[in-house]
file entry.cif (mmCIF, C-alpha atoms)
data_final
#
loop_
_atom_site.label_atom_id
_atom_site.label_comp_id
_atom_site.auth_asym_id
_atom_site.auth_seq_id
_atom_site.Cartn_x
_atom_site.Cartn_y
_atom_site.Cartn_z
CA MET A 1496 80.66 82.50 64.61
CA ALA A 1497 83.50 80.52 66.10
CA GLU A 1498 82.32 77.30 67.66
CA PRO A 1499 84.03 76.46 70.94
CA PRO A 1500 86.11 73.34 70.61
CA GLY A 1501 84.19 70.18 71.30
CA LEU A 1502 80.71 71.60 70.65
CA GLU A 1503 80.50 71.28 66.86
CA GLY A 1504 79.06 68.31 65.05
CA VAL A 1505 76.85 65.53 66.24
CA GLU A 1506 79.53 63.74 68.20
CA HIS A 1507 82.43 65.06 70.13
CA THR A 1508 85.13 63.47 72.15
CA ALA A 1509 85.03 63.79 75.91
CA GLN A 1510 88.15 63.88 78.02
CA GLY A 1511 88.29 60.15 78.64
CA GLY A 1512 88.02 59.35 74.96
CA ALA A 1513 84.39 58.15 75.19
CA HIS A 1514 82.04 59.36 72.47
CA LEU A 1515 79.15 61.29 73.96
CA PRO A 1516 76.30 62.18 71.62
CA ASN A 1517 75.43 65.85 71.28
CA PRO A 1518 72.42 66.45 73.57
CA MET A 1519 71.07 69.11 71.23
CA HIS A 1520 70.83 66.71 68.28
CA GLN A 1521 67.35 65.56 69.35
CA PHE A 1522 65.89 69.02 68.68
CA GLU A 1523 66.93 69.03 65.02
CA ILE A 1524 64.11 69.65 62.57
CA GLU A 1525 64.13 67.38 59.53
CA ARG A 1526 62.17 67.93 56.35
CA ILE A 1527 59.98 64.94 55.55
CA VAL A 1528 58.17 66.41 52.53
CA PRO A 1529 60.13 69.37 51.12
CA LEU A 1530 57.78 72.09 49.92
CA LYS A 1531 58.29 75.68 48.74
CA LEU A 1532 55.37 78.09 48.89
CA LEU A 1533 55.82 81.65 47.55
CA GLY A 1534 59.53 81.50 48.28
CA LEU A 1535 58.95 80.35 51.85
CA ASP A 1536 60.05 77.02 53.20
CA ALA A 1537 56.75 75.32 54.05
CA SER A 1538 58.09 71.77 54.24
CA PHE A 1539 56.27 69.10 56.18
CA THR A 1540 58.75 68.53 59.00
CA ASN A 1541 58.96 66.08 61.86
CA SER A 1542 57.64 68.91 64.05
CA ALA A 1543 54.54 69.21 61.85
CA LEU A 1544 54.18 65.43 61.83
CA PHE A 1545 54.05 65.29 65.62
CA MET A 1546 51.54 68.14 65.76
CA VAL A 1547 49.30 66.22 63.33
CA ILE A 1548 49.72 63.08 65.45
CA ALA A 1549 48.77 65.04 68.58
CA ALA A 1550 45.68 66.56 66.93
CA LEU A 1551 44.58 63.13 65.66
CA LEU A 1552 45.22 61.52 69.05
CA ILE A 1553 43.13 64.11 70.92
CA THR A 1554 40.28 63.87 68.42
CA ALA A 1555 40.35 60.08 68.44
CA PHE A 1556 40.52 59.98 72.25
CA THR A 1557 37.58 62.30 72.84
CA LEU A 1558 35.40 60.82 70.08
CA PHE A 1559 36.20 57.18 70.87
CA ALA A 1560 35.89 57.62 74.64
CA MET A 1561 32.50 59.33 74.38
CA ARG A 1562 30.96 57.09 71.67
CA ARG A 1563 28.73 55.16 74.14
CA ARG A 1564 27.77 58.05 76.45
CA ALA A 1565 26.85 55.58 79.16
CA LEU A 1566 25.30 56.84 82.39
CA VAL A 1567 27.76 54.64 84.28
CA PRO A 1568 30.97 55.51 82.42
CA SER A 1569 33.55 52.99 81.34
CA ARG A 1570 37.18 53.57 82.32
CA LEU A 1571 37.95 55.30 79.04
CA GLN A 1572 34.84 57.45 79.20
CA SER A 1573 35.60 58.59 82.73
CA THR A 1574 39.13 59.55 81.61
CA ALA A 1575 37.62 61.85 79.00
CA GLU A 1576 35.09 63.18 81.52
CA MET A 1577 37.85 63.77 84.07
CA SER A 1578 39.94 65.79 81.63
CA TYR A 1579 36.84 67.79 80.68
CA GLU A 1580 35.93 68.42 84.31
CA PHE A 1581 39.55 69.27 85.19
CA VAL A 1582 39.74 72.05 82.62
CA ALA A 1583 36.15 73.15 83.21
CA SER A 1584 36.74 73.64 86.94
CA MET A 1585 40.00 75.45 86.16
CA VAL A 1586 38.12 77.91 83.92
CA ARG A 1587 35.23 78.23 86.38
CA ASP A 1588 37.51 78.92 89.36
CA ASN A 1589 39.85 81.34 87.60
CA VAL A 1590 37.65 83.15 85.09
CA GLY A 1591 34.16 82.70 86.49
CA THR A 1592 31.01 81.31 84.93
CA ASP A 1593 30.87 84.02 82.25
CA GLY A 1594 34.29 82.82 81.10
CA MET A 1595 32.89 79.39 80.23
CA LYS A 1596 32.34 80.49 76.64
CA TYR A 1597 36.13 80.41 76.29
CA PHE A 1598 36.25 76.88 77.69
CA PRO A 1599 36.61 75.17 74.27
CA PHE A 1600 39.70 77.26 73.56
CA VAL A 1601 41.34 76.54 76.92
CA PHE A 1602 40.48 72.83 76.66
CA THR A 1603 41.98 72.59 73.16
CA LEU A 1604 45.07 74.46 74.29
CA PHE A 1605 45.57 72.32 77.38
CA MET A 1606 45.05 69.02 75.57
CA PHE A 1607 47.30 70.08 72.67
CA VAL A 1608 50.21 71.17 74.88
CA LEU A 1609 49.76 68.17 77.19
CA THR A 1610 49.74 65.70 74.30
CA LEU A 1611 52.77 67.29 72.66
CA ASN A 1612 54.68 67.23 75.96
CA MET A 1613 53.74 63.61 76.62
CA LEU A 1614 54.56 62.53 73.06
CA GLY A 1615 57.97 64.08 73.62
CA MET A 1616 58.54 61.67 76.52
CA VAL A 1617 58.33 58.68 74.16
CA PRO A 1618 61.90 57.62 73.30
CA TYR A 1619 63.08 58.56 69.78
CA SER A 1620 60.12 60.91 69.32
CA PHE A 1621 60.27 64.65 68.82
CA THR A 1622 59.25 67.28 71.38
CA VAL A 1623 57.42 69.99 69.47
CA THR A 1624 57.12 72.28 72.50
CA SER A 1625 60.92 72.37 72.91
CA HIS A 1626 61.06 74.91 70.06
CA ILE A 1627 60.50 78.49 71.09
CA ILE A 1628 58.87 79.47 67.82
CA ILE A 1629 56.03 76.99 68.47
CA THR A 1630 55.40 78.10 72.04
CA PHE A 1631 55.84 81.76 71.12
CA ALA A 1632 53.28 81.47 68.32
CA LEU A 1633 50.81 79.94 70.80
CA ALA A 1634 51.55 82.60 73.43
CA ALA A 1635 51.42 85.48 70.95
CA PHE A 1636 47.97 84.44 69.71
CA ILE A 1637 46.75 84.08 73.31
CA PHE A 1638 48.12 87.56 74.09
CA LEU A 1639 46.52 89.13 71.00
CA GLY A 1640 43.22 87.37 71.58
CA VAL A 1641 43.05 88.30 75.26
CA THR A 1642 43.90 91.94 74.55
CA LEU A 1643 41.23 92.06 71.83
CA ILE A 1644 38.68 90.52 74.21
CA GLY A 1645 39.57 93.19 76.78
CA PHE A 1646 39.10 96.03 74.32
CA ILE A 1647 35.91 94.60 72.83
CA ARG A 1648 34.45 94.06 76.28
CA HIS A 1649 35.44 97.35 77.92
CA GLY A 1650 36.27 99.64 75.01
CA PRO A 1651 38.86 102.33 75.77
CA LYS A 1652 38.20 101.82 79.48
CA PHE A 1653 40.41 98.72 79.23
CA LEU A 1654 43.39 101.11 79.38
CA LYS A 1655 42.48 101.67 83.03
CA PHE A 1656 43.85 98.17 83.56
CA PHE A 1657 47.32 99.71 83.41
CA VAL A 1658 46.56 102.29 86.10
CA PRO A 1659 46.86 100.75 89.57
CA GLU A 1660 44.34 101.99 92.08
CA GLY A 1661 45.12 103.60 95.42
CA VAL A 1662 48.59 104.97 94.65
CA PRO A 1663 49.60 108.65 94.93
CA PHE A 1664 49.25 110.29 91.52
CA PHE A 1665 52.88 111.45 91.29
CA MET A 1666 53.87 107.75 91.28
CA LEU A 1667 51.59 107.02 88.33
CA PRO A 1668 53.97 107.84 85.43
CA LEU A 1669 56.42 105.28 86.77
CA LEU A 1670 53.85 102.63 87.72
CA VAL A 1671 51.92 102.83 84.44
CA VAL A 1672 55.14 102.24 82.50
CA ILE A 1673 55.96 99.25 84.71
CA GLU A 1674 52.43 97.86 84.28
CA VAL A 1675 52.58 98.22 80.50
CA ILE A 1676 55.99 96.56 80.32
CA SER A 1677 54.89 93.71 82.55
CA TYR A 1678 51.80 93.28 80.37
CA LEU A 1679 53.89 93.22 77.20
CA THR A 1680 56.32 90.62 78.57
CA ARG A 1681 53.46 88.15 79.16
CA PRO A 1682 53.79 86.34 75.82
CA MET A 1683 57.56 86.19 76.34
CA SER A 1684 57.40 84.64 79.80
CA LEU A 1685 54.53 82.33 78.84
CA SER A 1686 56.41 80.93 75.84
CA VAL A 1687 59.90 80.80 77.37
CA ARG A 1688 58.56 78.98 80.46
CA LEU A 1689 57.19 76.08 78.44
CA PHE A 1690 60.06 75.97 75.97
CA ALA A 1691 62.80 76.22 78.61
CA ASN A 1692 61.30 73.49 80.77
CA MET A 1693 60.91 71.12 77.86
CA MET A 1694 64.32 71.80 76.35
CA ALA A 1695 66.23 71.74 79.65
CA GLY A 1696 64.55 68.51 80.73
CA HIS A 1697 65.18 66.69 77.48
CA THR A 1698 68.78 67.91 77.30
CA MET A 1699 69.37 66.65 80.83
CA LEU A 1700 67.78 63.27 80.03
CA LYS A 1701 70.03 62.95 76.99
CA VAL A 1702 73.18 63.92 78.92
CA PHE A 1703 72.47 61.37 81.64
CA GLY A 1704 71.54 58.76 79.05
CA ALA A 1705 74.97 59.31 77.53
CA PHE A 1706 76.53 58.93 81.01
CA VAL A 1707 74.83 55.56 81.46
CA VAL A 1708 76.19 54.32 78.14
CA ALA A 1709 79.65 55.79 78.74
CA LEU A 1710 79.99 54.29 82.25
CA GLY A 1711 79.00 50.86 80.96
CA VAL A 1712 77.63 47.78 82.69
CA LEU A 1713 79.73 48.19 85.83
CA GLY A 1714 79.45 51.89 86.63
CA GLY A 1715 76.24 52.91 84.90
CA TRP A 1716 73.75 51.76 87.52
CA ALA A 1717 73.77 54.92 89.64
CA ALA A 1718 73.29 57.07 86.56
CA LEU A 1719 70.55 54.71 85.36
CA GLY A 1720 68.72 55.00 88.68
CA PHE A 1721 68.91 58.76 88.45
CA MET A 1722 67.63 58.53 84.85
CA VAL A 1723 64.57 56.55 85.92
CA ALA A 1724 63.75 59.00 88.72
CA PHE A 1725 64.37 61.95 86.44
CA THR A 1726 62.12 60.51 83.73
CA GLY A 1727 59.36 60.37 86.33
CA LEU A 1728 60.00 64.00 87.23
CA GLU A 1729 59.97 64.92 83.55
CA ILE A 1730 56.54 63.33 83.08
CA LEU A 1731 55.33 65.39 86.06
CA VAL A 1732 56.87 68.51 84.51
CA ALA A 1733 55.28 67.72 81.13
CA PHE A 1734 51.85 67.67 82.79
CA LEU A 1735 52.62 70.63 85.05
CA GLN A 1736 53.76 72.90 82.25
CA ALA A 1737 50.62 72.17 80.23
CA TYR A 1738 48.61 72.94 83.37
CA VAL A 1739 50.52 76.17 84.02
CA PHE A 1740 50.15 77.22 80.38
CA ALA A 1741 46.39 76.70 80.56
CA ILE A 1742 45.95 78.28 83.99
CA LEU A 1743 47.94 81.39 83.02
CA THR A 1744 45.74 81.70 79.94
CA CYS A 1745 42.76 81.58 82.32
CA ILE A 1746 44.32 84.26 84.54
CA TYR A 1747 44.99 86.52 81.54
CA LEU A 1748 41.42 85.97 80.34
CA ASN A 1749 40.14 86.87 83.79
CA ASP A 1750 42.19 90.09 83.73
CA ALA A 1751 40.69 91.02 80.37
CA LEU A 1752 37.12 90.15 81.37
CA HIS A 1753 37.01 91.54 84.91
CA MET A 1754 39.96 93.94 85.06
CA HIS A 1755 40.73 93.59 88.75
CA HIS A 1756 44.28 93.19 89.90
CA MET B 839 91.51 86.08 76.29
CA ASP B 840 90.42 83.59 73.69
CA PRO B 841 86.81 84.48 72.66
CA SER B 842 85.64 80.88 72.88
CA ALA B 843 86.97 80.67 76.45
CA ALA B 844 85.05 83.85 77.32
CA LYS B 845 81.96 82.25 75.82
CA LEU B 846 82.27 79.17 78.01
CA ILE B 847 82.83 81.32 81.10
CA GLY B 848 79.79 83.39 80.20
CA ALA B 849 77.63 80.30 79.81
CA GLY B 850 78.81 79.07 83.19
CA LEU B 851 78.01 82.40 84.80
CA ALA B 852 74.55 82.45 83.22
CA SER B 853 73.69 79.09 84.74
CA ILE B 854 74.19 80.57 88.24
CA ALA B 855 70.58 81.75 87.73
CA LEU B 856 69.55 78.21 88.69
CA VAL B 857 70.59 79.00 92.28
CA GLY B 858 67.53 81.23 92.46
CA ALA B 859 65.31 78.47 91.16
CA GLY B 860 66.65 76.13 93.85
CA VAL B 861 66.02 78.65 96.60
CA GLY B 862 62.55 79.38 95.24
CA ILE B 863 61.48 75.74 94.94
CA GLY B 864 62.82 75.01 98.43
CA THR B 865 60.94 77.96 99.88
CA ILE B 866 57.69 76.98 98.21
CA PHE B 867 57.72 73.34 99.25
CA GLY B 868 59.08 74.13 102.73
CA ASN B 869 56.39 76.70 103.39
CA TYR B 870 53.72 74.43 101.95
CA LEU B 871 54.77 71.62 104.29
CA GLN B 872 54.89 74.01 107.22
CA GLY B 873 51.38 75.23 106.48
CA ALA B 874 50.13 71.73 105.74
CA LEU B 875 51.38 70.37 109.06
CA ARG B 876 49.78 73.23 110.97
CA ASN B 877 46.45 72.86 109.21
CA PRO B 878 46.29 69.53 107.36
CA SER B 879 42.63 69.94 106.44
CA ALA B 880 43.37 73.03 104.35
CA ALA B 881 46.36 71.48 102.58
CA PRO B 882 44.66 69.68 99.65
CA GLY B 883 42.90 72.89 98.63
CA GLN B 884 46.23 74.63 98.14
CA PHE B 885 47.85 71.85 96.10
CA ALA B 886 47.10 73.59 92.78
CA ASN B 887 48.70 76.78 94.09
CA LEU B 888 51.71 74.75 95.20
CA LEU B 889 52.21 73.31 91.73
CA LEU B 890 51.70 76.71 90.13
CA GLY B 891 54.28 78.28 92.43
CA PHE B 892 56.70 75.43 91.77
CA ALA B 893 56.37 75.82 88.01
CA LEU B 894 56.75 79.61 88.15
CA ALA B 895 59.82 79.43 90.40
CA GLU B 896 61.45 76.74 88.28
CA ALA B 897 60.82 78.70 85.10
CA THR B 898 62.71 81.81 86.23
CA GLY B 899 65.81 79.71 86.84
CA LEU B 900 65.41 78.02 83.49
CA PHE B 901 65.42 81.42 81.78
CA GLY B 902 69.03 81.67 82.95
CA LEU B 903 69.76 78.21 81.60
CA VAL B 904 68.30 79.26 78.24
CA VAL B 905 70.66 82.25 78.21
CA ALA B 906 73.55 79.85 78.85
CA LEU B 907 72.46 77.55 76.02
CA ILE B 908 71.98 80.50 73.66
CA ILE B 909 75.52 81.68 74.46
CA LEU B 910 76.87 78.19 73.81
CA PHE B 911 74.99 77.19 70.69
CA VAL B 912 73.74 80.36 68.94
CA PHE B 913 76.63 82.85 69.11
#
call {"tool": "encode", "arguments": {"input": "entry.cif", "output": "structure tokens"}}
result
Amino acid sequence: MAEPPGLEGVEHTAQGGAHLPNPMHQFEIERIVPLKLLGLDASFTNSALFMVIAALLITAFTLFAMRRRALVPSRLQSTAEMSYEFVASMVRDNVGTDGMKYFPFVFTLFMFVLTLNMLGMVPYSFTVTSHIIITFALAAFIFLGVTLIGFIRHGPKFLKFFVPEGVPFFMLPLLVVIEVISYLTRPMSLSVRLFANMMAGHTMLKVFGAFVVALGVLGGWAALGFMVAFTGLEILVAFLQAYVFAILTCIYLNDALHMHH
Amino acid sequence: MDPSAAKLIGAGLASIALVGAGVGIGTIFGNYLQGALRNPSAAPGQFANLLLGFALAEATGLFGLVVALIILFVF
């Protein structure tokens, strides 16, 4: 494993002699409370800390916002109602009314991913969703759950999902294989989409932040302006990726429940 | 050739995938604007689809970027 020159370590020297921080340093996982369980490393890391913060924030937000349950909602209460209605209409439109029993799951998922993404936008914080193992664990459980729902609901008939209708039968061996492969890559694409967006965005922010510092008071203004605009775009992306994650979960659920292409 | 040089070239080649993301995002927003100007009353209803298409198109390009980063930092 030979490191290319200039990529090892936290800091490396750029051509002009300025010290640019390594943009990947922000994704480092640090152990806060080291812990060994059955030979496995189960330490409480900064990643776990931010997940706990996110879970507490969501719980506190929903409980605190809805504590009055006024008929004419306060600003905070209508924020909570808006987020509820946003996810509820997403489930209703994409899965149908019989999919509303999965609403609590989709709402939890959306709020969790959204809060983690938004927490990552706070300077000096840690972006949990920029690690593929986190997003892949989420996506893998969605995939398993949705497949189980399909089989419980339709029994062996769920396998018909992989057989497209209205194609000549000699094409079927090829098409069924393609359908199965595309079904199996769902957890991959779902997890890599979120992880790649988060990691690429944060790396870019860090690189341009380093440019601003390296160019100094005189030259850094253009880079700073770009930084501000790009931070705005990143906040949009943080919301959008949570939305896409939730809506794709809805689409997969709809496939399992209703089986039409 | 020096293996580390090949690695850097490979990472650079992998990030060409972002060309596709650029084309895709441009197509999506261009076509949305075209449709929205022809029929402005139908435009707000398709905004969710626009964002979904944007996110999906951007993601495919970012897959290439991930390959580039994996080449740089994992191997």
call {"tool": "resolve_selection", "arguments": {"input": "entry.cif", "expression": "the PyMOL selection byres ((chain B) within 8 of (chain A))", "output": "MDAnalysis selection string"}}
result
chainID B and resid 842:843 845:846 889:890 893:894 897:898 900:901 903:904 910:911 913
call {"tool": "atom_distance", "arguments": {"input": "entry.cif", "atom1": "CA of Gly891 in chain B", "atom2": "CA of Val1586 in chain A"}}
result
18.3 Å
call {"tool": "residues_around", "arguments": {"input": "entry.cif", "residues": "Pro882 in chain B", "least_positions_apart": "6", "cutoff": "12 Å", "atoms": "all atoms listed in the file", "output": "ChimeraX atom specification"}}
result
/B:870-871,873-875,888-889
call {"tool": "resolve_selection", "arguments": {"input": "entry.cif", "expression": "the PyMOL selection byres ((chain B and resi 855) around 9)", "output": "PyMOL selection string"}}
result
chain B and resi 851-854+856-859+898-903
call {"tool": "resolve_selection", "arguments": {"input": "entry.cif", "expression": "the PyMOL selection byres ((chain A and resi 1574-1578) around 12)", "output": "PyMOL selection string"}}
result
chain A and resi 1553-1562+1564-1573+1579-1585+1601-1603+1605-1606+1609+1738
call {"tool": "atom_distance", "arguments": {"input": "entry.cif", "atom1": "CA of Ala1543 in chain A", "atom2": "CA of Leu1633 in chain A"}}
result
14.5 Å
call {"tool": "atom_distance", "arguments": {"input": "entry.cif", "atom1": "CA of Gln872 in chain B", "atom2": "CA of Gln884 in chain B"}}
result
12.6 Å
call {"tool": "residues_around", "arguments": {"input": "entry.cif", "residues": "range 862-865 of chain B", "least_positions_apart": "4", "cutoff": "8 Å", "atoms": "all atoms listed in the file", "output": "number ranges by chain"}}
result
B: 858, 869, 892, 895-896
